[in-house]
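Chemist: Pasting a structure below so you can have a look.
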Amino acid sequence: MPYVSHQIRLACRPTGAPKPENFRSEEHTVREPGDGEVLLRTMYLSLDPYMRGRMSAAKSYAKSLEIGDVIMGGTVSEVIESRSVGLEPGQIVLGQGGWQSYSTERASELRVLDPDQAPVTTALGVLGMPGFTAYSGLLAIGDPQPGETVAVAAATGPVGSAVGQIAKIKGCRAIGIAGGPKKVAYLDELGFDAALDHRDDDLAGRLAEAAPDGIDVYFENVGGAVFDAVVPRLNLYARVPVCGLAATYNSTEAESGPDRLPELMGLVLRKSLTLRGFIQNEFRPSMFDDFLTDMSGWVRSGQLKYREDITDGLENAPEVFAGMLAGANFGKTIIKVGES
Ligand code: NDP
């Protein structure tokens with residue numbers, strides 16, 4: 001029987017923060033699955049900062065969306081019809097269904113989820129791409145050693161909260177930076193050794209107090225003013241996994257002010273700093289299995305906590321997405337699309 005998918009498509013490219021007019025809703029009959037494909041009903045959609053980059057035409061590590069495309073996105077879905085041996089109706093899978101209520105996907109690109117092992121939404125957050133980003137970037141590039149100090153911003157989000165807690169598990173001192181008193185209080189609950197508000201007028205001063213011995217690993221999630229405050233505190237041989245620059249994703253022009261690049265390069269030289277960008281896919285082949293084992297164990301034992309921010313209704317995705325970029329989310333941002 002034909003299924004109608006409610007879809008959200010890119011109507012025009014955002015300038016600055018995404019607005020409702022950048023998106024449009026449409027309804028389309030879902031394509032019947034061919035050999036090796038399955039028809040899926042979306043249960044949960046992941047909203048992630050990288051989607052802002054795909055809405056732009058600027059050259060990046062992945063192809064931009066075209067105007068009129070369904071917005072891409074990780075999804076947890078129920079199998080409705082299957083033309084693939086090994087997948088049956090009723091099973092729950094992780095896929096890339098995007099911002100729509102039904103999708104047809106290749107079975108070989110799906111991961112079957114076991115709801116008895118962990119809540120299925122965790123496959124979009126702590127046990128999925130953001131959790132893996134934290135694990136791989138911190139361990140492979142940050143190389144945190146016991147007794148060292150690790151700092152991270154966007155520290156209550158799915159990447160940052162995992163970075164800080166993994167740093168603690170590895171015997172480090174963890175400093176979290178987040179926006180607003182509620183988020184800062186939550187960092188205490190997560191076991192961070194120090195929690196700072198990036199809206200504090202004297203962030204640099206607070207950081208100096210919180211890291212009297214300097215910072216050995218700065219996991220870069222945001223850039224902007226937080227980066228400026230952190231750089232002078234970096235120790236000799238400090239490592240900076242450059243994961244994301246959330247403070248700049250909606251920027252329309254370069255920041256004004258003096259050129260700080262010569263000063264930064266001077267510090268890189270004198271302190272033998274390592275700044276290394278990465279896209280999590282790079283580490284999937286070598287680290288994903290270890291990640292699933294370690295992270296599931298830490299979540300089960302309560303050593304690593306996570307928080308999800310779930311909103312009902314696909315129609316709310318544009319507004320919730322724009323809010324997330326501005327820090328309105330509190331935990332992993334997820335849209336509940338259909339009944340679980
Ligand atoms: P979050 O859920 O943490 O959402 C982004 C957060 O960025 C906001 O909640 C806000 O937190 C913070 N933020 C926004 N503007 C500013 C600002 N001006 N200064 C400081 N903080 C700001 O996102 P994720 O955990 O999903 O992702 C974190 C980062 O990791 C992002 O940059 C993302 O692009 C990147 N990423 C990179 C990947 C890779 O492979 N390299 C893969 C996945 C994610 P607050 O309210 O605390 O300020």
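Starting from 1 in every chain, residues are counted up; chains themselves are A, B, ... following the order of the structure tokens, and ligands are numbered from 1 as listed.
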Just want the 10 Å neighbourhood of Ala317 (chain A), counted on only C-alpha atoms, with same-chain residues fewer than 6 positions away dropped. Output as a PyMOL selection string.
Modeler: chain A and resi 8+20+23+45-47+99+311+323+333-337
Chemist: Which polymer residues have any atom within 12 Å of an atom of Leu94 (chain A), counting only C-alpha atoms, with same-chain residues fewer than 5 positions away left out, as a ChimeraX atom specification?
Modeler: /A:40-46,73-79,105-115,120-125,127-129
Chemist: If you count only C-alpha atoms, which residues fall within 10 Å of His198 (chain A), apart from same-chain ones fewer than 5 positions away, as a compact mmCIF listing (two decimals) with C-alpha atoms, in the first residue's frame?
Modeler:
# COMPACT_ATOMS: atom_id res chain seq x y z
CA ALA A 153 32.89 24.09 25.30
CA ALA A 154 29.31 23.31 24.24
CA GLY A 176 33.43 22.50 30.93
CA ILE A 177 32.25 25.74 29.32
CA ALA A 178 28.57 26.26 28.55
CA GLY A 179 25.96 28.99 28.06
CA GLY A 180 23.90 30.03 31.10
CA VAL A 184 26.74 25.30 34.15
CA LEU A 203 35.81 34.28 30.81
CA ALA A 204 39.61 34.53 30.46
CA ARG A 206 37.60 32.51 35.21
CA LEU A 207 39.57 30.13 33.02
CA ALA A 225 35.52 34.13 21.99
CA VAL A 226 35.99 30.82 23.83
CA ALA A 229 40.12 32.85 26.05
Chemist: So that I can check the surroundings of Val150 (chain A), please list as a VMD selection string every protein, DNA and RNA residue that reaches within 7 Å of it, counting only C-alpha atoms and ignoring chain neighbours fewer than 2 positions away.
Modeler: chain A and resid 148 152 167 172 to 175 215 to 218
Chemist: Between CA of Arg54 (chain A) and atom 38 (C, counted along the ligand's line) of ligand 1, what distance in Å does the model show, to one decimal?
Modeler: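 According to the coordinates, CA of Arg54 (chain A) and atom 38 (C, counted along the ligand's line) of ligand 1 are separated by 13.1 Å.
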Chemist: Choose the residue, out of A:Asn22, A:Ser251, A:Thr104, A:Ser296, that has the smallest atom-to-atom separation from ligand 1; count only C-alpha atoms and all ligand atoms.
Modeler: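 Smallest separation from ligand 1 among the options: A:Ser251.
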Chemist: Using only C-alpha atoms, which protein or nucleic acid residues come within 6 Å of region 234-244 of chain A? Drop anything in the same chain fewer than 4 positions from it, and give the result as a list in words.
Modeler: Ile141, Gly142, Gly214, Ile215, Asp216, Val217, Tyr218, Phe219, Glu220, Asn221, Val222, Lys271, Ser272, Leu273, Thr274, Leu275, Arg276 and Gly277 of chain A
Chemist: Which is closest to Tyr50 (chain A) among A:Leu138, A:Leu269, A:Ala246, A:Gln117, if we use only C-alpha atoms?
Modeler: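 Ranked by minimum distance to Tyr50 (chain A), first place goes to A:Ala246.
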Chemist: Can you tell me how far CA of Ala322 (chain A) sits from CA of Leu190 (chain A), in Å to one decimal?
Modeler: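 CA of Leu190 (chain A) lies at a distance of 26.0 Å from CA of Ala322 (chain A).
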Chemist: Would you compute the distance between CA of Asp48 (chain A) and CA of Asp69 (chain A)? Give it in Å to one decimal.
Modeler: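 Spanning CA of Asp48 (chain A) to CA of Asp69 (chain A) is a straight-line distance of 17.1 Å.
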Chemist: List the neighbours of region 285-290 of chain A out to 9 Å using only C-alpha atoms; skip same-chain residues closer than 5 positions along the sequence, and give me the result as a PyMOL selection string.
Modeler: chain A and resi 132+135-136+295
Chemist: Once you have the residues from the selection above, write them out as an mmCIF file, in the first residue's frame, restricted to N, CA, C and O atoms.
Modeler:
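Output file out31.cif follows:
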data_model
loop_
_atom_site.group_PDB
_atom_site.id
_atom_site.type_symbol
_atom_site.label_atom_id
_atom_site.label_comp_id
_atom_site.auth_asym_id
_atom_site.auth_seq_id
_atom_site.Cartn_x
_atom_site.Cartn_y
_atom_site.Cartn_z
ATOM 1 N N PHE A 132 30.553 9.170 19.222
ATOM 2 C CA PHE A 132 31.763 8.677 18.561
ATOM 3 C C PHE A 132 32.718 9.829 18.234
ATOM 4 O O PHE A 132 33.942 9.683 18.305
ATOM 5 N N TYR A 135 34.561 10.548 21.452
ATOM 6 C CA TYR A 135 35.477 9.447 21.779
ATOM 7 C C TYR A 135 36.701 9.453 20.862
ATOM 8 O O TYR A 135 37.848 9.439 21.321
ATOM 9 N N SER A 136 36.454 9.528 19.546
ATOM 10 C CA SER A 136 37.570 9.406 18.596
ATOM 11 C C SER A 136 38.445 10.652 18.619
ATOM 12 O O SER A 136 39.675 10.562 18.661
ATOM 13 N N MET A 295 31.802 2.749 25.339
ATOM 14 C CA MET A 295 30.774 3.747 25.666
ATOM 15 C C MET A 295 29.525 3.065 26.234
ATOM 16 O O MET A 295 28.954 3.563 27.209
#
Chemist: Which of region 8-204 of chain A end up as helix (DSSP H, G or I) when DSSP is run on this backbone - answer as JSON, numbers by chain?
Modeler: {"A": [20, 21, 22, 50, 51, 52, 53, 54, 107, 108, 109, 120, 121, 122, 123, 124, 129, 130, 131, 132, 133, 134, 135, 136, 137, 138, 139, 140, 141, 142, 158, 159, 160, 161, 162, 163, 164, 165, 166, 167, 168, 169, 181, 182, 183, 184, 185, 186, 187, 188, 189, 203, 204]}
Chemist: Using only C-alpha atoms, which residue out of A:Gly302, A:Gly224, A:Pro262, A:Gly157 lies closest to Ile169 (chain A)?
Modeler: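 Looking only at the distances to Ile169 (chain A), the closest residue turns out to be A:Gly302.
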Chemist: To test your reading of the structure, identify every residue in region 144-315 of chain A that backbone DSSP assigns to strand (DSSP E or B), and report it as a VMD selection string.
Modeler: chain A and resid 149 to 153 173 to 178 194 to 197 215 to 220 234 to 242 274 to 277 308 to 312
Chemist: Which residue gives the smallest distance to ligand 1 among A:Ser301, A:Ser84, A:Asn250, A:Ser101, with only C-alpha atoms and all ligand atoms counted?
Modeler: A:Asn250
Chemist: Between A:Pro14, A:Phe291, A:Val230, A:Leu39, which has the minimum distance to Pro89 (chain A) (counting only C-alpha atoms)?
Modeler: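 When distances to Pro89 (chain A) are compared using only C-alpha atoms, the smallest one comes from A:Leu39.
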Chemist: Which is closest to Glu263 (chain A) among A:Pro232, A:Leu292, A:Arg83, A:Ala247, if we use only C-alpha atoms?
Modeler: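 When distances to Glu263 (chain A) are compared using only C-alpha atoms, the smallest one comes from A:Pro232.
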